[in-house]
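Participant: Structure incoming, see below.
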Amino acid sequence: MARAKIQYICQNCGIIHTKWIGKCDSCGKWNTLVQESSSGIGGGPNDRGVSFQGQPATLTNLSGKIDESPRIISGMTELDRVTGGGFVRGSALLVGGDPGIGKSTLLMQTAAALARKGYYVIYVSGEEAVAQIRLRAQRLGAADTSIQLAIETNVENVLATLARVQHCDLVIIDSIQTLWSVMADSSPGTVTQVRLGAQVMVRFAKQTGSTMILVGHVTKDGQIAGPRVVEHMVDGVFSFESGGGHHYRILRATKNRFGATDEIGVFEMSDCGLREVSNPSRLFLGERHQTTPGASVFAGIEGTRPVLVEIQALVATTSLGSHRRAVVGWDSNRLAMIIAILEARCNILFSQHDVYLNVVGGYRITEPAADLAVAAALISSFSSLALPLNCVYFGEVSLSGGLRPVSYTCQRLKEAEKLGFRQAVLPRSGLDKINLPLELNKMDELPDVVAQIAVSASQRQKKEDTRIG
Ligand code: TYD
Ligand code: MG
């Protein structure tokens with residue numbers, strides 16, 4: 001029998017080293033090497049005269065018939081949108097998230113929804129005891145469903161359990177880090193074990209047509225723990241995040257072979273599980289008052305869905321020698337760029353001011369389309385002129401101060417109209433004919449926006465004066 005080879009595997013990037021070193025020379029991380037012994041797993045045919053004795057695979061062409069079985073739809077609209085219209089049979093998905101974020105809760109609710117529709121669902125947990133899972137199921141109102149529960153961490157035993165069932169529609173493995181196989185000689189949670197466990201589960205899904213959901217832990221810097229290779233193996237990677245310490249949760253698709261990425265599902269954590277939030281814009285719009293300068297509403301897009309978010313800016317005279325810039329929910333480099341453009345093109349000087357920017361509700365904006373809304377909030381706070389309550393802003397700002405069109409203009413405007421907004425400030429070009437009861441203020445460049453804010457504030461003041469008079 002071949003002697004087990006000692007090797008050192010980086011737990012961050014999965015690279016194999018033959019001797020221990022403090023710093024992985026592939027990813028540069030310190031103290032990530034763990035000793036694991038390999039008993040020949042992953043060894044393939046070599047080119048030293050060994051004959052290939054495998055079974056030949058059938059070669060086929062691309063224009064054949066496709067047996068497309070319908071997707072498994074959970075009925076939870078937020079979840080089904082993120083998966084691209086339900087789970088595809090034979091697919092394997094990875095759900096990652098911080099500890100305690102609600103992964104097990106989400107999957108238990110998904111399992112219950114499918115079990116109620118008559119699907120056969122197996123929930124394999126390696127993290128909790130039966131009693132704990134039953135307690136959670138009772139809390140979620142899932143105790144009376146036909147979900148089959150197994151407490152198991154050994155890969156071979158899990159496979160034997162699944163093989164006993166004639167056909168199962170959904171298998172949930174909570175979590176991939178607890179799985180271990182006798183085939184690998186290292187402890188659970190190490191790169192070799194995680195990779196092997198995932199490989200076996202993905203193969204099971206492909207061979208039987210069951211949908212496999214793997215729960216993955218997340219490291220301190222937000223990556224799904226274990227080798228990136230697991231993310232390549234599965235058909236979809238979803239991350240379950242919290243909105244900055246708030247009680248709502250966002251399910252985000254980062255990879256999806258059967259649907260769009262950048263799609264989000266919004267849930268709210270309550271005392272009896274996760275509740276779907278079908279209108280997230282209401283969450284991200286703060287308490288709004290006519291007289292507060294520095295707040296603008298951005299009409300954004302997440303995946304294919306419009307989301308309205310309030311952006312708040314505070315421009316205050318600095319009391320220290322150097323000014324401060326603090327940003328929550330947006331890119332600080334982009335804020336620096338917008339400030340520089342306002343200084344250079346609109347002559348609004350921030351050098352003696354601290355600038356704080358906050359996206360309401362702990363939401364994170366990644367779109368450049370938010371440039372205009374940020375600029376409007378900054379101008380409003382700087383000039384102490386409140387923006388109209390019923391106005392939305394979107395558009396990219398170029399370094400010359402010009403406004404550039406962004407995609408999905410129609411959807412953004414429709415969502416704003418649906419939520420009761422009556423005005424929009426947006427770039428002039430790139431807008432097709434649109435038939436909505438919205439006053440569209442189409443602008444060419446940032447100085448036009450500054451002028452528009454001043455004019456609309458003075459008009460409102462006049463109206464107010466005549467009302468009082
Ligand atoms: P859990 O699903 O166990 O998280 P994960 O599997 O991601 O580690 O969720 C745990 C948290 O959710 C815990 O802090 C309690 C909270 N929770 C509720 O607020 N309401 C509920 O109905 C449930 C089941 C959990
Ligand atoms: Mg859990």
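The way I read the labels, and the way they are meant: chains A, B, ... in the order of the structure tokens, residue 1 as the first residue of every chain, and ligand 1 as the first ligand shown, with later ones counted on from there.
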Residues at most 7 Å from ligand 1, using only C-alpha atoms and all ligand atoms? Could they come as a ChimeraX atom specification?
Facilitator: /A:97-106,136,139-140,269-274
Participant: Determine which residues of stretch 245-309 of chain A receive a DSSP assignment of strand (DSSP E or B), computed from the backbone, and state them as a VMD selection string.
Facilitator: chain A and resid 248 to 256 264 to 270 273 to 276 295 to 302 305 to 309
Participant: Could you report the residues within 12 Å of ligand 2, using only C-alpha atoms and all ligand atoms, as a ChimeraX atom specification?
Facilitator: /A:95-108,123-129,132-133,136,172-178,214-218,240
Participant: Of the candidates A:His167, A:Ala336, A:Leu372, A:Val355, which one gets nearest to A:His323 if we count only C-alpha atoms?
Facilitator: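 Looking only at the distances to A:His323, the closest residue turns out to be A:Val355.
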Participant: Record the distance separating atom CA of A:Glu268 and atom CA of A:Pro280, expressed in Å with one decimal.
Facilitator: 10.0 Å
Participant: Do a neighbour search on stretch 63-77 of chain A at 8 Å with only C-alpha atoms, toss out local chain neighbours closer than 3 positions, and write the hits as a VMD selection string.
Facilitator: chain A and resid 80 to 81 85 to 89 110 113 to 114 276
Participant: Within 10 Å of A:Ile379, counting only C-alpha atoms, which residues qualify if same-chain residues fewer than 3 places away don't, as a count of residues only?
Facilitator: 24
Participant: Counting only C-alpha atoms, figure out which residue out of A:Thr208, A:Asn441, A:Thr366, A:Ser278 gets nearest to A:Gly329.
Facilitator: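 For A:Gly329, the nearest of the candidates is A:Thr366.
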Participant: Would you tabulate, counting only C-alpha atoms, all residues of stretch 77-194 of chain A that have an atom at most 10 Å from an atom of stretch 5-21 of chain A, showing the closest pair of atoms and their distance in Å to one decimal, sorted by chain then ascending number, as a tab-separated table?
Facilitator:
residue	atom	partner	partner_atom	distance
A:Gly189	CA	A:Gln11	CA	9.3
A:Thr190	CA	A:Gln11	CA	6.8
A:Val191	CA	A:Gln11	CA	5.8
A:Thr192	CA	A:Ile9	CA	8.2
Participant: What does the file look like for those residues with N, CA and C atoms, as a CSV table (one decimal), in the first residue's frame?
Facilitator:
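Output saved as part-v9.csv:
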chain,number,residue,atom,x,y,z
A,189,GLY,N,-13.7,20.5,8.2
A,189,GLY,CA,-13.5,21.9,8.0
A,189,GLY,C,-12.2,22.3,7.3
A,190,THR,N,-11.3,21.3,7.1
A,190,THR,CA,-10.1,21.6,6.4
A,190,THR,C,-10.4,21.6,4.9
A,191,VAL,N,-9.5,22.2,4.1
A,191,VAL,CA,-9.7,22.3,2.7
A,191,VAL,C,-10.0,21.0,2.0
A,192,THR,N,-9.2,19.9,2.4
A,192,THR,CA,-9.4,18.6,1.7
A,192,THR,C,-10.8,18.1,2.0
Participant: Taking only C-alpha atoms into account, name the residue in A:Val455, A:Gln207, A:Thr466, A:Gly265 that is nearest to A:Asn279.
Facilitator: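 Of A:Val455, A:Gln207, A:Thr466, A:Gly265, the one nearest A:Asn279, counting only C-alpha atoms, is A:Gly265.
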Participant: Any idea what's packed within 9 Å of A:Val155, counting only C-alpha atoms, ignoring anything in its chain fewer than 6 positions away? Could you give it as a ChimeraX atom specification?
Facilitator: /A:179-182,196-197,200-201
